[in-house]
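> Mind having a look at this structure? Questions to follow.
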There are 2 protein chains.
Amino acid sequence: MPAKLRSLNDAFVHELRDILGAEKQVVKALRMTSRRASSEELRTALAEHLDQTEGQIGRIERAFQSIGETVRAKSCAAMTGILEEGVEALRKADTDILDAMLIGISQKVEHYEIAAYGTLCSWAKELGHEEAGMLLHQNLDEEKQADERLVQIAGRLNQRVA
Amino acid sequence: MPAKLRSLNDAFVHELRDILGAEKQVVKALRMTSRRASSEELRTALAEHLDQTEGQIGRIERAFQSIGETVRAKSCAAMTGILEEGVEALRKADTDILDAMLIGISQKVEHYEIAAYGTLCSWAKELGHEEAGMLLHQNLDEEKQADERLVQIAGRLNQRVA
């Protein structure tokens with residue numbers, strides 16, 4: 001990767017490395033936190049999203065290969081920040097509101113990824129990276145569905161907590 | 001603010017301080033970067049979003065007041081991470097792709113805020129914080145519109161860059 005980003009393709013590879021790093025950080029975080037949810041519905045959703053995230057990492061790796069680039073992740077400062085705040089909030093939260101907090105943090109994670117995949121899909125289209133675009137679009141759709149599922153669970157949980 | 005978050009209201013105030021900090025960081029970042037866009041359409045959109053963000057800060061302050069809480073911002077680690085990455089990417093980017101990068105970063109900012117306001121609106125509803133909920137919903141709608149506008153601009157710009 002050149003230090004300079006000279007073309008839209010350079011930017012695409014840069015962003016692909018960022019989201020690969022981000023997804024790997026999410027896997028670690030979900031492994032630590034998903035079992036802390038007290039609602040069974042939320043615990044199941046987070047565990048399923050952990051499996052899904054591992055599949056997404058596989059797709060990102062195939063996206064790299066499809067454009068002849070070495071698979072490489074870069075540490076994602078944005079995801080680091082989101083997860084740091086999340087860990088701090090969970091540490092402070094009483095059991096009663098842990099699930100509501102977990103959902104709020106997870107939605108920040110999903111939305112970061114929705115933005116990143118949205119940009120990548122748009123760039124893949126412009127660059128003619130068809131296979132990569134298709135793979136990343138699948139990830140984008142899964143993140144949107146995961147976010148929507150969290151909204152539904154939140155609606156049911158908040159009524160119990162408030 | 002207690003060190004512990006014991007209730008959904010504590011979580012609400014915690015999150016309100018986070019988004020106030022985040023929006024203040026966005027104002028600073030937009031002041032530094034919005035003029036770097038080469039497309040006039042993008043420059044206008046970013047400048048208008050800067051004005052809009054200042055209005056959003058006012059609404060957050062009124063939301064604090066409406067629930068009898070002192071207006072206080074907390075530094076938002078997630079936004080710090082998003083903006084750090086953005087500044088680094090802009091530093092590396094050639095002029096030709098600066099606009100595409102600016103849009104990508106701005107969408108990450110918007111999506112962080114969409115997630116945060118979404119959670120706050122849902123909690124405000126559960127807590128019966130009607131006025132705060134209404135104010136935060138206005139911010140949420142503006143962020144969604146800002147994101148949509150960026151998608152439209154990106155579509156037009158990427159065709160020129162690729």
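Labels used: A, B, ... for chains in the order of the structure tokens, numbers from 1 for residues in each chain, and numbers from 1 for ligands as shown.
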Counting only C-alpha atoms, what are the residues of stretch 30-63 of chain A within 12 Å of stretch 135-143 of chain A, and for each of them which pair of atoms is the nearest and at what distance in Å, to one decimal? Sort the table by chain and rising number, as a Markdown table.

| residue | atom | partner | partner_atom | distance |
| --- | --- | --- | --- | --- |
| A:Glu48 | CA | A:Glu142 | CA | 11.4 |
| A:His49 | CA | A:Glu143 | CA | 9.1 |
| A:Leu50 | CA | A:Glu143 | CA | 11.7 |
| A:Asp51 | CA | A:Glu142 | CA | 11.7 |
| A:Gln52 | CA | A:Glu142 | CA | 8.1 |
| A:Thr53 | CA | A:Asn139 | CA | 8.6 |
| A:Glu54 | CA | A:Asn139 | CA | 10.8 |
| A:Gly55 | CA | A:Asn139 | CA | 8.8 |
| A:Gln56 | CA | A:Asn139 | CA | 5.9 |
| A:Ile57 | CA | A:Asn139 | CA | 9.1 |
| A:Gly58 | CA | A:Leu135 | CA | 9.5 |
| A:Arg59 | CA | A:Leu135 | CA | 5.7 |
| A:Ile60 | CA | A:Leu136 | CA | 6.9 |
| A:Glu61 | CA | A:Leu135 | CA | 9.7 |
| A:Arg62 | CA | A:Leu135 | CA | 7.9 |
| A:Ala63 | CA | A:Leu135 | CA | 6.6 |
> Since chain B and chain A share a sequence, can you fit the second onto the first over all C-alpha atoms in order and output it as a PDB file with C-alpha atoms, in the first residue's frame?

ATOM      1  CA  MET A   1     -23.449  12.055  36.944  1.00  0.00           C
ATOM      2  CA  PRO A   2     -22.954   9.003  39.129  1.00  0.00           C
ATOM      3  CA  ALA A   3     -20.048   6.758  38.270  1.00  0.00           C
ATOM      4  CA  LYS A   4     -22.601   3.972  38.076  1.00  0.00           C
ATOM      5  CA  LEU A   5     -25.417   3.913  35.521  1.00  0.00           C
ATOM      6  CA  ARG A   6     -28.289   2.617  37.646  1.00  0.00           C
ATOM      7  CA  SER A   7     -31.315   3.404  35.527  1.00  0.00           C
ATOM      8  CA  LEU A   8     -32.352   3.975  31.930  1.00  0.00           C
ATOM      9  CA  ASN A   9     -32.421   7.694  32.786  1.00  0.00           C
ATOM     10  CA  ASP A  10     -28.754   7.558  33.856  1.00  0.00           C
ATOM     11  CA  ALA A  11     -27.959   5.849  30.562  1.00  0.00           C
ATOM     12  CA  PHE A  12     -29.932   8.524  28.699  1.00  0.00           C
ATOM     13  CA  VAL A  13     -27.979  11.377  30.337  1.00  0.00           C
ATOM     14  CA  HIS A  14     -24.698   9.517  29.704  1.00  0.00           C
ATOM     15  CA  GLU A  15     -25.553   9.142  26.018  1.00  0.00           C
ATOM     16  CA  LEU A  16     -26.747  12.754  25.749  1.00  0.00           C
ATOM     17  CA  ARG A  17     -23.345  13.928  27.037  1.00  0.00           C
ATOM     18  CA  ASP A  18     -21.627  11.650  24.542  1.00  0.00           C
ATOM     19  CA  ILE A  19     -23.526  13.002  21.528  1.00  0.00           C
ATOM     20  CA  LEU A  20     -23.055  16.614  22.665  1.00  0.00           C
ATOM     21  CA  GLY A  21     -19.294  15.979  22.805  1.00  0.00           C
ATOM     22  CA  ALA A  22     -19.430  14.257  19.422  1.00  0.00           C
ATOM     23  CA  GLU A  23     -21.318  17.128  17.728  1.00  0.00           C
ATOM     24  CA  LYS A  24     -18.854  19.665  19.120  1.00  0.00           C
ATOM     25  CA  GLN A  25     -15.974  17.622  17.696  1.00  0.00           C
ATOM     26  CA  VAL A  26     -17.786  17.521  14.339  1.00  0.00           C
ATOM     27  CA  VAL A  27     -18.143  21.316  14.290  1.00  0.00           C
ATOM     28  CA  LYS A  28     -14.377  21.701  14.760  1.00  0.00           C
ATOM     29  CA  ALA A  29     -13.613  19.102  12.104  1.00  0.00           C
ATOM     30  CA  LEU A  30     -16.032  20.608   9.575  1.00  0.00           C
ATOM     31  CA  ARG A  31     -14.530  24.060  10.133  1.00  0.00           C
ATOM     32  CA  MET A  32     -11.124  22.644   9.216  1.00  0.00           C
ATOM     33  CA  THR A  33     -12.086  20.414   6.307  1.00  0.00           C
ATOM     34  CA  SER A  34     -15.241  21.626   4.568  1.00  0.00           C
ATOM     35  CA  ARG A  35     -13.385  24.146   2.422  1.00  0.00           C
ATOM     36  CA  ARG A  36     -10.987  21.470   1.158  1.00  0.00           C
ATOM     37  CA  ALA A  37     -13.694  19.901  -1.030  1.00  0.00           C
ATOM     38  CA  SER A  38     -13.083  20.692  -4.690  1.00  0.00           C
ATOM     39  CA  SER A  39     -16.649  20.143  -5.860  1.00  0.00           C
ATOM     40  CA  GLU A  40     -18.764  23.211  -5.201  1.00  0.00           C
ATOM     41  CA  GLU A  41     -21.781  21.016  -4.526  1.00  0.00           C
ATOM     42  CA  LEU A  42     -19.917  19.119  -1.799  1.00  0.00           C
ATOM     43  CA  ARG A  43     -18.428  22.301  -0.334  1.00  0.00           C
ATOM     44  CA  THR A  44     -21.912  23.797  -0.063  1.00  0.00           C
ATOM     45  CA  ALA A  45     -23.334  20.620   1.478  1.00  0.00           C
ATOM     46  CA  LEU A  46     -20.593  20.494   4.115  1.00  0.00           C
ATOM     47  CA  ALA A  47     -20.897  24.216   4.916  1.00  0.00           C
ATOM     48  CA  GLU A  48     -24.656  23.842   5.303  1.00  0.00           C
ATOM     49  CA  HIS A  49     -24.174  20.808   7.500  1.00  0.00           C
ATOM     50  CA  LEU A  50     -21.829  22.866   9.691  1.00  0.00           C
ATOM     51  CA  ASP A  51     -24.623  25.406  10.290  1.00  0.00           C
ATOM     52  CA  GLN A  52     -27.060  22.565  10.862  1.00  0.00           C
ATOM     53  CA  THR A  53     -24.753  20.929  13.409  1.00  0.00           C
ATOM     54  CA  GLU A  54     -24.606  24.162  15.404  1.00  0.00           C
ATOM     55  CA  GLY A  55     -28.415  24.127  15.497  1.00  0.00           C
ATOM     56  CA  GLN A  56     -28.341  20.494  16.631  1.00  0.00           C
ATOM     57  CA  ILE A  57     -26.054  21.403  19.526  1.00  0.00           C
ATOM     58  CA  GLY A  58     -28.665  23.974  20.590  1.00  0.00           C
ATOM     59  CA  ARG A  59     -31.363  21.274  20.540  1.00  0.00           C
ATOM     60  CA  ILE A  60     -29.236  18.896  22.637  1.00  0.00           C
ATOM     61  CA  GLU A  61     -28.735  21.686  25.194  1.00  0.00           C
ATOM     62  CA  ARG A  62     -32.507  22.246  25.299  1.00  0.00           C
ATOM     63  CA  ALA A  63     -32.991  18.492  25.731  1.00  0.00           C
ATOM     64  CA  PHE A  64     -30.764  18.599  28.849  1.00  0.00           C
ATOM     65  CA  GLN A  65     -32.753  21.551  30.205  1.00  0.00           C
ATOM     66  CA  SER A  66     -36.081  19.863  29.474  1.00  0.00           C
ATOM     67  CA  ILE A  67     -35.214  17.039  31.871  1.00  0.00           C
ATOM     68  CA  GLY A  68     -33.651  19.313  34.517  1.00  0.00           C
ATOM     69  CA  GLU A  69     -30.074  18.184  33.886  1.00  0.00           C
ATOM     70  CA  THR A  70     -26.977  20.367  33.643  1.00  0.00           C
ATOM     71  CA  VAL A  71     -25.687  20.714  30.096  1.00  0.00           C
ATOM     72  CA  ARG A  72     -22.408  18.856  29.966  1.00  0.00           C
ATOM     73  CA  ALA A  73     -20.444  17.262  27.143  1.00  0.00           C
ATOM     74  CA  LYS A  74     -18.147  14.286  27.413  1.00  0.00           C
ATOM     75  CA  SER A  75     -15.369  13.640  24.951  1.00  0.00           C
ATOM     76  CA  CYS A  76     -16.608  10.983  22.519  1.00  0.00           C
ATOM     77  CA  ALA A  77     -13.923   8.359  21.898  1.00  0.00           C
ATOM     78  CA  ALA A  78     -15.796   6.940  18.918  1.00  0.00           C
ATOM     79  CA  MET A  79     -15.997  10.303  17.148  1.00  0.00           C
ATOM     80  CA  THR A  80     -12.344  10.947  18.022  1.00  0.00           C
ATOM     81  CA  GLY A  81     -11.470   7.710  16.256  1.00  0.00           C
ATOM     82  CA  ILE A  82     -13.610   8.446  13.197  1.00  0.00           C
ATOM     83  CA  LEU A  83     -12.144  11.942  12.830  1.00  0.00           C
ATOM     84  CA  GLU A  84      -8.549  10.797  13.457  1.00  0.00           C
ATOM     85  CA  GLU A  85      -8.837   8.234  10.682  1.00  0.00           C
ATOM     86  CA  GLY A  86     -10.430  10.866   8.486  1.00  0.00           C
ATOM     87  CA  VAL A  87      -7.644  13.390   8.998  1.00  0.00           C
ATOM     88  CA  GLU A  88      -5.036  10.706   8.299  1.00  0.00           C
ATOM     89  CA  ALA A  89      -6.787   9.608   5.097  1.00  0.00           C
ATOM     90  CA  LEU A  90      -7.206  13.184   3.860  1.00  0.00           C
ATOM     91  CA  ARG A  91      -3.513  13.828   4.495  1.00  0.00           C
ATOM     92  CA  LYS A  92      -2.630  10.849   2.292  1.00  0.00           C
ATOM     93  CA  ALA A  93      -5.169  11.483  -0.472  1.00  0.00           C
ATOM     94  CA  ASP A  94      -4.377  13.064  -3.819  1.00  0.00           C
ATOM     95  CA  THR A  95      -6.573  16.018  -4.792  1.00  0.00           C
ATOM     96  CA  ASP A  96      -8.472  13.895  -7.332  1.00  0.00           C
ATOM     97  CA  ILE A  97      -9.932  11.593  -4.722  1.00  0.00           C
ATOM     98  CA  LEU A  98     -10.205  14.039  -1.833  1.00  0.00           C
ATOM     99  CA  ASP A  99     -13.923  14.578  -2.382  1.00  0.00           C
ATOM    100  CA  ALA A 100     -14.691  10.857  -2.496  1.00  0.00           C
ATOM    101  CA  MET A 101     -12.763  10.404   0.760  1.00  0.00           C
ATOM    102  CA  LEU A 102     -14.468  13.396   2.400  1.00  0.00           C
ATOM    103  CA  ILE A 103     -17.854  11.897   1.573  1.00  0.00           C
ATOM    104  CA  GLY A 104     -16.878   8.482   2.956  1.00  0.00           C
ATOM    105  CA  ILE A 105     -15.691  10.027   6.242  1.00  0.00           C
ATOM    106  CA  SER A 106     -18.749  12.283   6.507  1.00  0.00           C
ATOM    107  CA  GLN A 107     -21.023   9.279   6.096  1.00  0.00           C
ATOM    108  CA  LYS A 108     -19.250   7.526   8.972  1.00  0.00           C
ATOM    109  CA  VAL A 109     -19.883  10.636  11.072  1.00  0.00           C
ATOM    110  CA  GLU A 110     -23.573  10.719  10.046  1.00  0.00           C
ATOM    111  CA  HIS A 111     -24.057   7.040  10.765  1.00  0.00           C
ATOM    112  CA  TYR A 112     -22.505   7.299  14.214  1.00  0.00           C
ATOM    113  CA  GLU A 113     -24.969  10.067  14.961  1.00  0.00           C
ATOM    114  CA  ILE A 114     -27.917   8.182  13.439  1.00  0.00           C
ATOM    115  CA  ALA A 115     -27.181   5.274  15.801  1.00  0.00           C
ATOM    116  CA  ALA A 116     -26.753   7.556  18.821  1.00  0.00           C
ATOM    117  CA  TYR A 117     -29.902   9.622  18.167  1.00  0.00           C
ATOM    118  CA  GLY A 118     -31.854   6.460  17.351  1.00  0.00           C
ATOM    119  CA  THR A 119     -31.016   5.016  20.770  1.00  0.00           C
ATOM    120  CA  LEU A 120     -31.698   8.348  22.518  1.00  0.00           C
ATOM    121  CA  CYS A 121     -35.111   8.710  20.820  1.00  0.00           C
ATOM    122  CA  SER A 122     -36.070   5.181  21.757  1.00  0.00           C
ATOM    123  CA  TRP A 123     -35.020   5.745  25.391  1.00  0.00           C
ATOM    124  CA  ALA A 124     -36.709   9.196  25.542  1.00  0.00           C
ATOM    125  CA  LYS A 125     -39.956   7.548  24.489  1.00  0.00           C
ATOM    126  CA  GLU A 126     -39.685   4.840  27.133  1.00  0.00           C
ATOM    127  CA  LEU A 127     -38.804   7.423  29.805  1.00  0.00           C
ATOM    128  CA  GLY A 128     -41.605   9.797  28.854  1.00  0.00           C
ATOM    129  CA  HIS A 129     -39.120  12.594  28.027  1.00  0.00           C
ATOM    130  CA  GLU A 130     -41.431  14.048  25.404  1.00  0.00           C
ATOM    131  CA  GLU A 131     -39.745  17.378  24.686  1.00  0.00           C
ATOM    132  CA  ALA A 132     -36.254  15.862  24.636  1.00  0.00           C
ATOM    133  CA  GLY A 133     -37.526  13.108  22.355  1.00  0.00           C
ATOM    134  CA  MET A 134     -38.981  15.619  19.922  1.00  0.00           C
ATOM    135  CA  LEU A 135     -35.774  17.665  19.817  1.00  0.00           C
ATOM    136  CA  LEU A 136     -33.580  14.613  19.311  1.00  0.00           C
ATOM    137  CA  HIS A 137     -35.897  13.284  16.636  1.00  0.00           C
ATOM    138  CA  GLN A 138     -35.375  16.491  14.673  1.00  0.00           C
ATOM    139  CA  ASN A 139     -31.615  15.915  14.878  1.00  0.00           C
ATOM    140  CA  LEU A 140     -32.050  12.287  13.829  1.00  0.00           C
ATOM    141  CA  ASP A 141     -34.079  13.307  10.776  1.00  0.00           C
ATOM    142  CA  GLU A 142     -31.484  15.911   9.781  1.00  0.00           C
ATOM    143  CA  GLU A 143     -28.656  13.357  10.029  1.00  0.00           C
ATOM    144  CA  LYS A 144     -30.564  10.905   7.842  1.00  0.00           C
ATOM    145  CA  GLN A 145     -31.188  13.630   5.267  1.00  0.00           C
ATOM    146  CA  ALA A 146     -27.536  14.711   5.391  1.00  0.00           C
ATOM    147  CA  ASP A 147     -26.464  11.110   4.788  1.00  0.00           C
ATOM    148  CA  GLU A 148     -28.885  10.753   1.878  1.00  0.00           C
ATOM    149  CA  ARG A 149     -27.602  13.992   0.328  1.00  0.00           C
ATOM    150  CA  LEU A 150     -24.019  12.669   0.550  1.00  0.00           C
ATOM    151  CA  VAL A 151     -25.075   9.444  -1.201  1.00  0.00           C
ATOM    152  CA  GLN A 152     -26.520  11.509  -4.049  1.00  0.00           C
ATOM    153  CA  ILE A 153     -23.427  13.710  -4.369  1.00  0.00           C
ATOM    154  CA  ALA A 154     -21.158  10.630  -4.214  1.00  0.00           C
ATOM    155  CA  GLY A 155     -23.034   9.049  -7.110  1.00  0.00           C
ATOM    156  CA  ARG A 156     -22.335  12.068  -9.286  1.00  0.00           C
ATOM    157  CA  LEU A 157     -18.710  12.535  -8.177  1.00  0.00           C
ATOM    158  CA  ASN A 158     -17.510   8.925  -8.335  1.00  0.00           C
ATOM    159  CA  GLN A 159     -18.427   8.700 -11.989  1.00  0.00           C
ATOM    160  CA  ARG A 160     -15.996  11.523 -12.675  1.00  0.00           C
ATOM    161  CA  VAL A 161     -13.162  10.035 -10.570  1.00  0.00           C
ATOM    162  CA  ALA A 162     -13.174   6.337 -11.509  1.00  0.00           C
TER     163      ALA A 162
END
> Name the residues of stretch 17-113 of chain A that fall into alpha helix (DSSP H) according to DSSP on the backbone, using the chain letters and numbers of this document, as a ChimeraX atom specification.
/A:17-33,40-66,77-92,95-113
> Let's have the selection written as an mmCIF file, in the first residue's frame, with C-alpha atoms.

data_model
loop_
_atom_site.group_PDB
_atom_site.id
_atom_site.type_symbol
_atom_site.label_atom_id
_atom_site.label_comp_id
_atom_site.auth_asym_id
_atom_site.auth_seq_id
_atom_site.Cartn_x
_atom_site.Cartn_y
_atom_site.Cartn_z
ATOM 1 C CA ARG A 17 -8.178 -2.919 5.125
ATOM 2 C CA ASP A 18 -9.975 -0.651 7.573
ATOM 3 C CA ILE A 19 -13.209 -2.668 7.548
ATOM 4 C CA LEU A 20 -11.321 -5.975 7.807
ATOM 5 C CA GLY A 21 -9.581 -4.627 10.925
ATOM 6 C CA ALA A 22 -12.900 -3.353 12.262
ATOM 7 C CA GLU A 23 -14.696 -6.701 11.774
ATOM 8 C CA LYS A 24 -11.871 -8.552 13.514
ATOM 9 C CA GLN A 25 -12.159 -6.174 16.473
ATOM 10 C CA VAL A 26 -15.924 -6.796 16.528
ATOM 11 C CA VAL A 27 -15.412 -10.570 16.668
ATOM 12 C CA LYS A 28 -13.191 -10.180 19.744
ATOM 13 C CA ALA A 29 -15.630 -7.798 21.409
ATOM 14 C CA LEU A 30 -18.654 -10.009 20.713
ATOM 15 C CA ARG A 31 -16.822 -13.029 22.130
ATOM 16 C CA MET A 32 -16.310 -11.105 25.368
ATOM 17 C CA THR A 33 -19.696 -9.439 25.702
ATOM 18 C CA GLU A 40 -32.222 -14.723 25.836
ATOM 19 C CA GLU A 41 -33.449 -13.078 22.648
ATOM 20 C CA LEU A 42 -30.584 -10.568 22.722
ATOM 21 C CA ARG A 43 -28.024 -13.226 23.655
ATOM 22 C CA THR A 44 -29.117 -15.314 20.673
ATOM 23 C CA ALA A 45 -29.042 -12.312 18.335
ATOM 24 C CA LEU A 46 -25.514 -11.374 19.410
ATOM 25 C CA ALA A 47 -24.256 -14.972 19.174
ATOM 26 C CA GLU A 48 -25.731 -15.277 15.688
ATOM 27 C CA HIS A 49 -24.180 -11.979 14.695
ATOM 28 C CA LEU A 50 -20.807 -13.297 15.890
ATOM 29 C CA ASP A 51 -21.099 -16.236 13.463
ATOM 30 C CA GLN A 52 -22.270 -13.862 10.754
ATOM 31 C CA THR A 53 -19.307 -11.544 11.329
ATOM 32 C CA GLU A 54 -16.898 -14.445 10.847
ATOM 33 C CA GLY A 55 -18.586 -15.123 7.498
ATOM 34 C CA GLN A 56 -18.257 -11.438 6.603
ATOM 35 C CA ILE A 57 -14.520 -11.567 7.276
ATOM 36 C CA GLY A 58 -14.320 -14.450 4.784
ATOM 37 C CA ARG A 59 -16.122 -12.333 2.169
ATOM 38 C CA ILE A 60 -13.772 -9.374 2.723
ATOM 39 C CA GLU A 61 -10.797 -11.715 2.224
ATOM 40 C CA ARG A 62 -12.345 -12.964 -1.031
ATOM 41 C CA ALA A 63 -12.906 -9.345 -2.082
ATOM 42 C CA PHE A 64 -9.155 -8.677 -1.660
ATOM 43 C CA GLN A 65 -8.341 -11.782 -3.712
ATOM 44 C CA SER A 66 -10.834 -10.847 -6.427
ATOM 45 C CA ALA A 77 -9.326 3.722 15.165
ATOM 46 C CA ALA A 78 -13.042 4.417 14.834
ATOM 47 C CA MET A 79 -14.030 0.899 15.900
ATOM 48 C CA THR A 80 -11.462 1.061 18.710
ATOM 49 C CA GLY A 81 -13.201 4.186 19.964
ATOM 50 C CA ILE A 82 -16.701 2.720 19.683
ATOM 51 C CA LEU A 83 -15.678 -0.453 21.524
ATOM 52 C CA GLU A 84 -13.689 1.415 24.204
ATOM 53 C CA GLU A 85 -16.712 3.548 25.018
ATOM 54 C CA GLY A 86 -18.852 0.433 25.004
ATOM 55 C CA VAL A 87 -16.642 -1.444 27.450
ATOM 56 C CA GLU A 88 -16.549 1.589 29.749
ATOM 57 C CA ALA A 89 -20.340 1.970 29.668
ATOM 58 C CA LEU A 90 -20.928 -1.736 30.309
ATOM 59 C CA ARG A 91 -18.548 -1.594 33.270
ATOM 60 C CA LYS A 92 -20.612 1.232 34.774
ATOM 61 C CA THR A 95 -27.592 -5.351 35.389
ATOM 62 C CA ASP A 96 -31.073 -3.925 34.744
ATOM 63 C CA ILE A 97 -29.924 -1.663 31.950
ATOM 64 C CA LEU A 98 -27.084 -3.778 30.581
ATOM 65 C CA ASP A 99 -29.177 -5.069 27.688
ATOM 66 C CA ALA A 100 -30.336 -1.597 26.660
ATOM 67 C CA MET A 101 -26.710 -0.425 26.694
ATOM 68 C CA LEU A 102 -25.512 -3.483 24.754
ATOM 69 C CA ILE A 103 -28.077 -2.754 22.056
ATOM 70 C CA GLY A 104 -27.075 0.917 21.845
ATOM 71 C CA ILE A 105 -23.388 0.003 21.445
ATOM 72 C CA SER A 106 -24.145 -2.747 18.921
ATOM 73 C CA GLN A 107 -26.122 -0.293 16.815
ATOM 74 C CA LYS A 108 -23.144 2.075 16.752
ATOM 75 C CA VAL A 109 -21.028 -0.843 15.531
ATOM 76 C CA GLU A 110 -23.607 -1.738 12.844
ATOM 77 C CA HIS A 111 -23.905 1.840 11.661
ATOM 78 C CA TYR A 112 -20.151 2.268 11.354
ATOM 79 C CA GLU A 113 -20.119 -0.815 9.167
#
